[in-house]
>>> print(open('entry14.pdb').read())   # PDB, C-alpha atoms
ATOM      1  CA  MET A   1      13.075   9.136   4.057
ATOM      2  CA  PRO A   2       9.347   9.810   4.186
ATOM      3  CA  VAL A   3       8.225  13.114   5.628
ATOM      4  CA  THR A   4       5.285  13.441   7.970
ATOM      5  CA  ARG A   5       3.786  16.651   9.292
ATOM      6  CA  PRO A   6       3.773  17.224  13.053
ATOM      7  CA  GLN A   7      -0.025  17.583  13.155
ATOM      8  CA  HIS A   8      -0.403  14.192  11.445
ATOM      9  CA  VAL A   9       2.040  12.571  13.849
ATOM     10  CA  ASP A  10       0.146  14.077  16.793
ATOM     11  CA  LEU A  11      -3.153  12.766  15.402
ATOM     12  CA  VAL A  12      -1.718   9.268  15.001
ATOM     13  CA  PHE A  13      -0.283   9.439  18.534
ATOM     14  CA  ARG A  14      -3.724  10.384  19.921
ATOM     15  CA  ILE A  15      -5.396   7.535  18.014
ATOM     16  CA  LEU A  16      -2.794   5.023  19.189
ATOM     17  CA  ALA A  17      -2.834   6.265  22.783
ATOM     18  CA  ALA A  18      -6.645   5.878  22.901
ATOM     19  CA  ASP A  19      -6.480   2.202  21.927
ATOM     20  CA  PRO A  20      -7.542  -0.037  24.840
ATOM     21  CA  CYS A  21      -4.470  -2.286  24.553
ATOM     22  CA  VAL A  22      -2.064   0.637  25.001
ATOM     23  CA  THR A  23      -1.130   1.251  28.624
ATOM     24  CA  LEU A  24       0.994   4.369  28.491
ATOM     25  CA  ASP A  25       0.187   5.241  32.105
ATOM     26  CA  THR A  26       2.788   2.690  33.226
ATOM     27  CA  MET A  27       5.552   4.544  31.316
ATOM     28  CA  ASP A  28       7.235   7.869  31.702
ATOM     29  CA  GLU A  29       6.481  10.422  28.982
ATOM     30  CA  GLN A  30       9.730   9.848  27.066
ATOM     31  CA  HIS A  31       9.236   6.066  26.841
ATOM     32  CA  ALA A  32       5.593   6.480  25.867
ATOM     33  CA  ARG A  33       6.544   8.875  23.066
ATOM     34  CA  GLU A  34       9.270   6.482  21.882
ATOM     35  CA  LEU A  35       6.781   3.601  21.707
ATOM     36  CA  LEU A  36       4.258   5.695  19.783
ATOM     37  CA  THR A  37       7.035   6.832  17.438
ATOM     38  CA  ILE A  38       8.082   3.244  16.772
ATOM     39  CA  TRP A  39       4.523   2.305  15.813
ATOM     40  CA  GLN A  40       3.915   5.419  13.723
ATOM     41  CA  GLN A  41       7.261   5.391  11.924
ATOM     42  CA  GLY A  42       7.072   1.648  11.364
ATOM     43  CA  MET A  43       3.780   2.048   9.529
ATOM     44  CA  VAL A  44       5.123   4.931   7.426
ATOM     45  CA  ASN A  45       8.222   2.944   6.503
ATOM     46  CA  GLN A  46       6.147  -0.108   5.637
ATOM     47  CA  VAL A  47       3.855   1.889   3.354
ATOM     48  CA  VAL A  48       6.834   3.439   1.578
ATOM     49  CA  ASN A  49       9.103   0.400   1.351
ATOM     50  CA  LEU A  50       6.895  -2.533   0.394
ATOM     51  CA  ASN A  51       5.845  -1.054  -2.938
ATOM     52  CA  VAL A  52       9.514  -0.480  -3.768
ATOM     53  CA  ASP A  53      10.361  -4.011  -2.630
ATOM     54  CA  TYR A  54       7.653  -5.396  -4.879
ATOM     55  CA  ARG A  55       8.846  -3.350  -7.828
ATOM     56  CA  ILE A  56      12.362  -4.697  -7.385
ATOM     57  CA  GLU A  57      11.209  -8.318  -6.948
ATOM     58  CA  SER A  58       8.984  -8.134 -10.032
ATOM     59  CA  TRP A  59      11.727  -6.514 -12.084
ATOM     60  CA  LEU A  60      14.235  -9.203 -11.085
ATOM     61  CA  TYR A  61      11.668 -11.942 -11.712
ATOM     62  CA  ARG A  62      10.805 -10.585 -15.142
ATOM     63  CA  GLU A  63      14.254  -9.545 -16.370
ATOM     64  CA  TYR A  64      16.462 -12.234 -14.812
ATOM     65  CA  PRO A  65      14.653 -15.588 -14.874
ATOM     66  CA  GLY A  66      17.901 -17.380 -14.047
ATOM     67  CA  ILE A  67      17.918 -15.996 -10.507
ATOM     68  CA  ARG A  68      14.317 -16.939  -9.692
ATOM     69  CA  PRO A  69      15.400 -19.867  -7.497
ATOM     70  CA  ASN A  70      17.448 -17.388  -5.454
ATOM     71  CA  GLN A  71      14.343 -15.247  -4.881
ATOM     72  CA  GLU A  72      12.384 -18.109  -3.316
ATOM     73  CA  LYS A  73      14.231 -18.270   0.011
ATOM     74  CA  PRO A  74      14.043 -14.540   0.885
ATOM     75  CA  ILE A  75      10.392 -14.410  -0.173
ATOM     76  CA  GLY A  76       9.700 -17.468   1.985
ATOM     77  CA  LEU A  77      11.344 -15.687   4.914
ATOM     78  CA  GLN A  78       9.192 -12.612   4.261
ATOM     79  CA  VAL A  79       6.099 -14.815   4.384
ATOM     80  CA  GLN A  80       7.222 -16.349   7.698
ATOM     81  CA  MET A  81       7.966 -12.951   9.239
ATOM     82  CA  SER A  82       4.649 -11.552   8.036
ATOM     83  CA  VAL A  83       2.638 -14.501   9.325
ATOM     84  CA  ALA A  84       4.369 -14.163  12.706
ATOM     85  CA  GLY A  85       2.601 -10.809  13.026
ATOM     86  CA  LEU A  86      -0.798 -12.507  12.881
ATOM     87  CA  THR A  87      -0.567 -14.333  16.212
ATOM     88  CA  PRO A  88      -3.117 -13.734  18.971
ATOM     89  CA  ASP A  89      -0.326 -12.510  21.281
ATOM     90  CA  VAL A  90       0.731  -9.852  18.776
ATOM     91  CA  LYS A  91      -2.885  -8.825  18.266
ATOM     92  CA  ARG A  92      -3.465  -8.553  22.021
ATOM     93  CA  VAL A  93      -0.602  -6.086  22.611
ATOM     94  CA  THR A  94      -0.756  -4.078  19.387
ATOM     95  CA  PRO A  95      -3.081  -1.147  18.726
ATOM     96  CA  ARG A  96      -5.793  -2.113  16.231
ATOM     97  CA  LEU A  97      -4.692   0.597  13.786
ATOM     98  CA  VAL A  98      -1.168  -0.829  13.697
ATOM     99  CA  TYR A  99      -2.168  -4.499  13.789
ATOM    100  CA  GLU A 100      -4.742  -4.305  11.012
ATOM    101  CA  GLY A 101      -2.860  -1.713   8.963
ATOM    102  CA  SER A 102       0.498  -3.461   9.077
ATOM    103  CA  ASN A 103      -0.972  -6.876   8.352
ATOM    104  CA  ALA A 104      -3.086  -5.477   5.497
ATOM    105  CA  ILE A 105       0.045  -3.976   3.940
ATOM    106  CA  ASN A 106       1.817  -7.326   4.325
ATOM    107  CA  TYR A 107      -1.198  -9.067   2.793
ATOM    108  CA  ALA A 108      -1.184  -6.677  -0.185
ATOM    109  CA  TYR A 109       2.531  -7.210  -0.757
ATOM    110  CA  LEU A 110       2.404 -10.999  -0.417
ATOM    111  CA  ARG A 111      -0.704 -11.231  -2.575
ATOM    112  CA  SER A 112       1.037  -9.259  -5.331
ATOM    113  CA  VAL A 113       4.205 -11.349  -5.065
ATOM    114  CA  GLY A 114       2.118 -14.525  -4.977
ATOM    115  CA  ILE A 115       0.309 -13.551  -8.165
ATOM    116  CA  MET A 116       3.673 -12.893  -9.795
ATOM    117  CA  LEU A 117       4.965 -16.317  -8.682
ATOM    118  CA  GLY A 118       1.713 -18.175  -9.284
ATOM    119  CA  GLN A 119       1.514 -19.122  -5.588
ATOM    120  CA  ASN A 120      -0.885 -18.447  -2.738
ATOM    121  CA  LEU A 121       1.278 -16.643  -0.189
ATOM    122  CA  VAL A 122      -1.666 -15.293   1.818
ATOM    123  CA  ARG A 123      -3.407 -18.501   2.919
ATOM    124  CA  ASP A 124      -2.694 -17.721   6.588
ATOM    125  CA  TYR A 125      -4.556 -14.412   6.401
ATOM    126  CA  THR A 126      -8.030 -15.230   7.696
ATOM    127  CA  ASP A 127      -9.079 -12.008   9.447
ATOM    128  CA  SER A 128     -11.669 -10.498   7.106
ATOM    129  CA  ALA A 129     -10.841  -6.886   8.091
ATOM    130  CA  ILE A 130      -7.191  -7.412   7.171
ATOM    131  CA  VAL A 131      -7.976  -9.286   3.956
ATOM    132  CA  GLU A 132     -10.495  -6.690   2.762
ATOM    133  CA  LEU A 133      -8.179  -3.762   3.496
ATOM    134  CA  GLY A 134      -5.267  -5.611   1.879
ATOM    135  CA  LYS A 135      -7.321  -6.249  -1.252
ATOM    136  CA  ARG A 136      -8.288  -2.587  -1.430
ATOM    137  CA  LEU A 137      -4.614  -1.653  -1.252
ATOM    138  CA  VAL A 138      -3.751  -3.676  -4.358
ATOM    139  CA  GLU A 139      -6.833  -3.062  -6.470
ATOM    140  CA  PRO A 140      -7.426  -1.820  -9.044
ATOM    141  CA  ARG A 141      -3.770  -1.072  -9.856
ATOM    142  CA  GLY A 142      -1.908  -3.175  -7.333
ATOM    143  CA  PHE A 143       1.686  -2.584  -6.494
ATOM    144  CA  GLU A 144       3.500  -0.940  -9.365
ATOM    145  CA  PRO A 145       5.997  -3.136 -11.242
ATOM    146  CA  LEU A 146       9.373  -1.594 -11.892
ATOM    147  CA  THR A 147       9.701  -0.946 -15.617
ATOM    148  CA  SER A 148      11.172   1.878 -17.642
ATOM    149  CA  SER A 149      12.799   3.681 -14.721
ATOM    150  CA  VAL A 150      15.456   0.987 -14.395
ATOM    151  CA  ARG A 151      15.713  -0.451 -17.880
ATOM    152  CA  GLY A 152      19.076   1.167 -18.300
ATOM    153  CA  MET A 153      20.357  -0.689 -15.237
ATOM    154  CA  ARG A 154      20.377  -4.094 -16.907
ATOM    155  CA  SER A 155      23.861  -5.312 -17.618
ATOM    156  CA  PRO A 156      24.601  -6.165 -21.232
ATOM    157  CA  SER A 157      24.695  -9.904 -21.910
TER     158      SER A 157
END
>>> encode(input="entry14.pdb", output="structure tokens")
Amino acid sequence: MPVTRPQHVDLVFRILAADPCVTLDTMDEQHARELLTIWQQGMVNQVVNLNVDYRIESWLYREYPGIRPNQEKPIGLQVQMSVAGLTPDVKRVTPRLVYEGSNAINYAYLRSVGIMLGQNLVRDYTDSAIVELGKRLVEPRGFEPLTSSVRGMRSPS
């Protein structure tokens, strides 16, 4: 589990609470804090998990070509779920930091997976702020492929 320092969490809470789309004044303090925690922790988890997800997908793709058809459906579902976060309704009710950050992370992940598969998985990403941030997240190194750390995990043929 990722660790965040209280002062960083407080800073993120202040940034989120200042966003014009956030109306915490209609909530009691506990519910407001829970909502801010969901946004903050969701971003932390996304940053931590998507690189690992990519490393696993690329390792499976590279080491087990026979299961590639089985990778297509879950990746397609990931694309659908990610694109669902781009809707105007989601943008309207989501703090800019979360909306742009989360979608940029999704863009970076899907771009990396798309390059691996030889497909354009990011065609629905048209917001230039999201695209530019997403590109910066994957360049120059991109998501890290899983290599030597799991080589011993491959079952003997």
>>> residues_around(input="entry14.pdb", residues="Val113 in chain A", least_positions_apart="3", cutoff="12 Å", atoms="only C-alpha atoms", output="PyMOL selection string")
chain A and resi 50-51+53-61+71-72+74-76+78-79+106-110+116-122+138+142-145
>>> residues_around(input="entry14.pdb", residues="Pro95 in chain A", least_positions_apart="6", cutoff="7 Å", atoms="only C-alpha atoms", output="PyMOL selection string")
chain A and resi 16+19+21-22
>>> residues_near_point(input="entry14.pdb", point="(-5.2, -9.1, -4.5)", cutoff="8 Å", atoms="only C-alpha atoms", output="number ranges by chain")
A: 108, 111-112, 115, 134-136, 138-139, 142
>>> closest_residue(input="entry14.pdb", among="A:Leu77, A:Leu11, A:Val83, A:Ala18", to="Asp127 in chain A", atoms="all atoms listed in the file")
A:Val83
>>> axis_aligned_box(input="entry14.pdb", around="range 84-101 of chain A", padding_each_side="4 Å", output="lines of an AutoDock Vina configuration file")
center_x = -0.7
center_y = -6.9
center_z = 15.8
size_x = 18.2
size_y = 22.9
size_z = 21.6
>>> residues_near_point(input="entry14.pdb", point="(-2.1, -15.9, 8.4)", cutoff="8 Å", atoms="only C-alpha atoms", output="PDB file with C-alpha atoms, in the coordinates of the input")
ATOM      1  CA  VAL A  83       2.638 -14.501   9.325  1.00  0.00           C
ATOM      2  CA  ALA A  84       4.369 -14.163  12.706  1.00  0.00           C
ATOM      3  CA  LEU A  86      -0.798 -12.507  12.881  1.00  0.00           C
ATOM      4  CA  VAL A 122      -1.666 -15.293   1.818  1.00  0.00           C
ATOM      5  CA  ARG A 123      -3.407 -18.501   2.919  1.00  0.00           C
ATOM      6  CA  ASP A 124      -2.694 -17.721   6.588  1.00  0.00           C
ATOM      7  CA  TYR A 125      -4.556 -14.412   6.401  1.00  0.00           C
ATOM      8  CA  THR A 126      -8.030 -15.230   7.696  1.00  0.00           C
TER       9      THR A 126
END
>>> closest_residue(input="entry14.pdb", among="A:Gln46, A:Thr87, A:Ser128, A:Gln30", to="Ile105 in chain A", atoms="all atoms listed in the file")
A:Gln46
>>> residues_around(input="entry14.pdb", residues="range 100-104 of chain A", least_positions_apart="6", cutoff="7 Å", atoms="all atoms listed in the file", output="PDB file with C-alpha atoms, keeping the file's coordinate frame")
ATOM      1  CA  MET A  43       3.780   2.048   9.529  1.00  0.00           C
ATOM      2  CA  ILE A 130      -7.191  -7.412   7.171  1.00  0.00           C
ATOM      3  CA  VAL A 131      -7.976  -9.286   3.956  1.00  0.00           C
ATOM      4  CA  LEU A 133      -8.179  -3.762   3.496  1.00  0.00           C
ATOM      5  CA  GLY A 134      -5.267  -5.611   1.879  1.00  0.00           C
TER       6      GLY A 134
END
>>> closest_residue(input="entry14.pdb", among="A:Val52, A:Ala129, A:Ala17, A:Leu97", to="Arg33 in chain A", atoms="all atoms listed in the file")
A:Ala17
>>> closest_residue(input="entry14.pdb", among="A:Thr94, A:Val47, A:Met81, A:Arg68", to="Leu35 in chain A", atoms="all atoms listed in the file")
A:Thr94
>>> closest_residue(input="entry14.pdb", among="A:Ala32, A:Thr26, A:Trp39, A:Tyr99", to="Val9 in chain A", atoms="all atoms listed in the file")
A:Trp39
>>> atom_distance(input="entry14.pdb", atom1="CA of Asp25 in chain A", atom2="CA of Pro6 in chain A")
22.8 Å
>>> atom_distance(input="entry14.pdb", atom1="CA of Met27 in chain A", atom2="CA of Pro88 in chain A")
23.7 Å
>>> atom_distance(input="entry14.pdb", atom1="CA of Gln7 in chain A", atom2="CA of Asn49 in chain A")
22.8 Å
>>> decode(input="entry14.pdb", residues="range 116-142 of chain A", atoms="N, CA and C atoms", output="PDB file, in the first residue's frame")
ATOM      1  N   MET A 116       2.427  -1.451 -27.496  1.00  0.00           N
ATOM      2  CA  MET A 116       2.778  -2.866 -27.379  1.00  0.00           C
ATOM      3  C   MET A 116       1.949  -3.709 -28.350  1.00  0.00           C
ATOM      4  N   LEU A 117       0.651  -3.411 -28.455  1.00  0.00           N
ATOM      5  CA  LEU A 117      -0.255  -4.193 -29.296  1.00  0.00           C
ATOM      6  C   LEU A 117      -0.270  -3.742 -30.754  1.00  0.00           C
ATOM      7  N   GLY A 118       0.331  -2.595 -31.034  1.00  0.00           N
ATOM      8  CA  GLY A 118       0.269  -2.052 -32.383  1.00  0.00           C
ATOM      9  C   GLY A 118      -1.105  -1.485 -32.710  1.00  0.00           C
ATOM     10  N   GLN A 119      -1.790  -0.942 -31.684  1.00  0.00           N
ATOM     11  CA  GLN A 119      -3.130  -0.386 -31.863  1.00  0.00           C
ATOM     12  C   GLN A 119      -3.195   1.009 -31.261  1.00  0.00           C
ATOM     13  N   ASN A 120      -4.109   1.817 -31.775  1.00  0.00           N
ATOM     14  CA  ASN A 120      -4.355   3.134 -31.194  1.00  0.00           C
ATOM     15  C   ASN A 120      -5.487   3.001 -30.178  1.00  0.00           C
ATOM     16  N   LEU A 121      -5.140   2.948 -28.908  1.00  0.00           N
ATOM     17  CA  LEU A 121      -6.144   2.813 -27.859  1.00  0.00           C
ATOM     18  C   LEU A 121      -6.531   4.157 -27.251  1.00  0.00           C
ATOM     19  N   VAL A 122      -5.944   5.245 -27.760  1.00  0.00           N
ATOM     20  CA  VAL A 122      -6.180   6.559 -27.164  1.00  0.00           C
ATOM     21  C   VAL A 122      -6.885   7.526 -28.121  1.00  0.00           C
ATOM     22  N   ARG A 123      -7.540   7.012 -29.127  1.00  0.00           N
ATOM     23  CA  ARG A 123      -8.174   7.892 -30.127  1.00  0.00           C
ATOM     24  C   ARG A 123      -9.274   8.760 -29.529  1.00  0.00           C
ATOM     25  N   ASP A 124      -9.872   8.335 -28.425  1.00  0.00           N
ATOM     26  CA  ASP A 124     -10.947   9.122 -27.809  1.00  0.00           C
ATOM     27  C   ASP A 124     -10.431  10.240 -26.907  1.00  0.00           C
ATOM     28  N   TYR A 125      -9.138  10.298 -26.703  1.00  0.00           N
ATOM     29  CA  TYR A 125      -8.546  11.341 -25.869  1.00  0.00           C
ATOM     30  C   TYR A 125      -8.256  12.550 -26.744  1.00  0.00           C
ATOM     31  N   THR A 126      -9.077  13.586 -26.612  1.00  0.00           N
ATOM     32  CA  THR A 126      -8.953  14.762 -27.465  1.00  0.00           C
ATOM     33  C   THR A 126      -8.621  16.027 -26.677  1.00  0.00           C
ATOM     34  N   ASP A 127      -8.724  15.982 -25.371  1.00  0.00           N
ATOM     35  CA  ASP A 127      -8.404  17.148 -24.541  1.00  0.00           C
ATOM     36  C   ASP A 127      -6.889  17.321 -24.519  1.00  0.00           C
ATOM     37  N   SER A 128      -6.414  18.443 -25.048  1.00  0.00           N
ATOM     38  CA  SER A 128      -4.965  18.630 -25.206  1.00  0.00           C
ATOM     39  C   SER A 128      -4.228  18.627 -23.863  1.00  0.00           C
ATOM     40  N   ALA A 129      -4.836  19.130 -22.798  1.00  0.00           N
ATOM     41  CA  ALA A 129      -4.168  19.127 -21.488  1.00  0.00           C
ATOM     42  C   ALA A 129      -3.931  17.697 -21.016  1.00  0.00           C
ATOM     43  N   ILE A 130      -4.915  16.846 -21.209  1.00  0.00           N
ATOM     44  CA  ILE A 130      -4.801  15.443 -20.802  1.00  0.00           C
ATOM     45  C   ILE A 130      -3.775  14.722 -21.668  1.00  0.00           C
ATOM     46  N   VAL A 131      -3.850  14.923 -22.970  1.00  0.00           N
ATOM     47  CA  VAL A 131      -2.929  14.254 -23.891  1.00  0.00           C
ATOM     48  C   VAL A 131      -1.490  14.668 -23.600  1.00  0.00           C
ATOM     49  N   GLU A 132      -1.251  15.963 -23.438  1.00  0.00           N
ATOM     50  CA  GLU A 132       0.119  16.428 -23.190  1.00  0.00           C
ATOM     51  C   GLU A 132       0.666  15.894 -21.875  1.00  0.00           C
ATOM     52  N   LEU A 133      -0.133  15.924 -20.821  1.00  0.00           N
ATOM     53  CA  LEU A 133       0.317  15.381 -19.538  1.00  0.00           C
ATOM     54  C   LEU A 133       0.539  13.875 -19.651  1.00  0.00           C
ATOM     55  N   GLY A 134      -0.360  13.180 -20.326  1.00  0.00           N
ATOM     56  CA  GLY A 134      -0.204  11.736 -20.515  1.00  0.00           C
ATOM     57  C   GLY A 134       1.057  11.396 -21.276  1.00  0.00           C
ATOM     58  N   LYS A 135       1.375  12.172 -22.294  1.00  0.00           N
ATOM     59  CA  LYS A 135       2.614  11.941 -23.053  1.00  0.00           C
ATOM     60  C   LYS A 135       3.839  12.177 -22.179  1.00  0.00           C
ATOM     61  N   ARG A 136       3.779  13.192 -21.341  1.00  0.00           N
ATOM     62  CA  ARG A 136       4.917  13.466 -20.455  1.00  0.00           C
ATOM     63  C   ARG A 136       5.109  12.337 -19.449  1.00  0.00           C
ATOM     64  N   LEU A 137       4.026  11.676 -19.080  1.00  0.00           N
ATOM     65  CA  LEU A 137       4.136  10.571 -18.128  1.00  0.00           C
ATOM     66  C   LEU A 137       4.832   9.348 -18.717  1.00  0.00           C
ATOM     67  N   VAL A 138       4.735   9.166 -20.027  1.00  0.00           N
ATOM     68  CA  VAL A 138       5.345   7.977 -20.637  1.00  0.00           C
ATOM     69  C   VAL A 138       6.652   8.252 -21.358  1.00  0.00           C
ATOM     70  N   GLU A 139       7.040   9.504 -21.473  1.00  0.00           N
ATOM     71  CA  GLU A 139       8.293   9.801 -22.162  1.00  0.00           C
ATOM     72  C   GLU A 139       9.277  10.421 -21.191  1.00  0.00           C
ATOM     73  N   PRO A 140      10.542  10.166 -21.278  1.00  0.00           N
ATOM     74  CA  PRO A 140      11.178   9.395 -22.332  1.00  0.00           C
ATOM     75  C   PRO A 140      11.169   7.897 -22.076  1.00  0.00           C
ATOM     76  N   ARG A 141      10.970   7.448 -20.838  1.00  0.00           N
ATOM     77  CA  ARG A 141      11.106   6.024 -20.540  1.00  0.00           C
ATOM     78  C   ARG A 141       9.823   5.238 -20.709  1.00  0.00           C
ATOM     79  N   GLY A 142       8.695   5.847 -20.520  1.00  0.00           N
ATOM     80  CA  GLY A 142       7.438   5.129 -20.595  1.00  0.00           C
ATOM     81  C   GLY A 142       7.238   4.245 -19.377  1.00  0.00           C
TER      82      GLY A 142
END
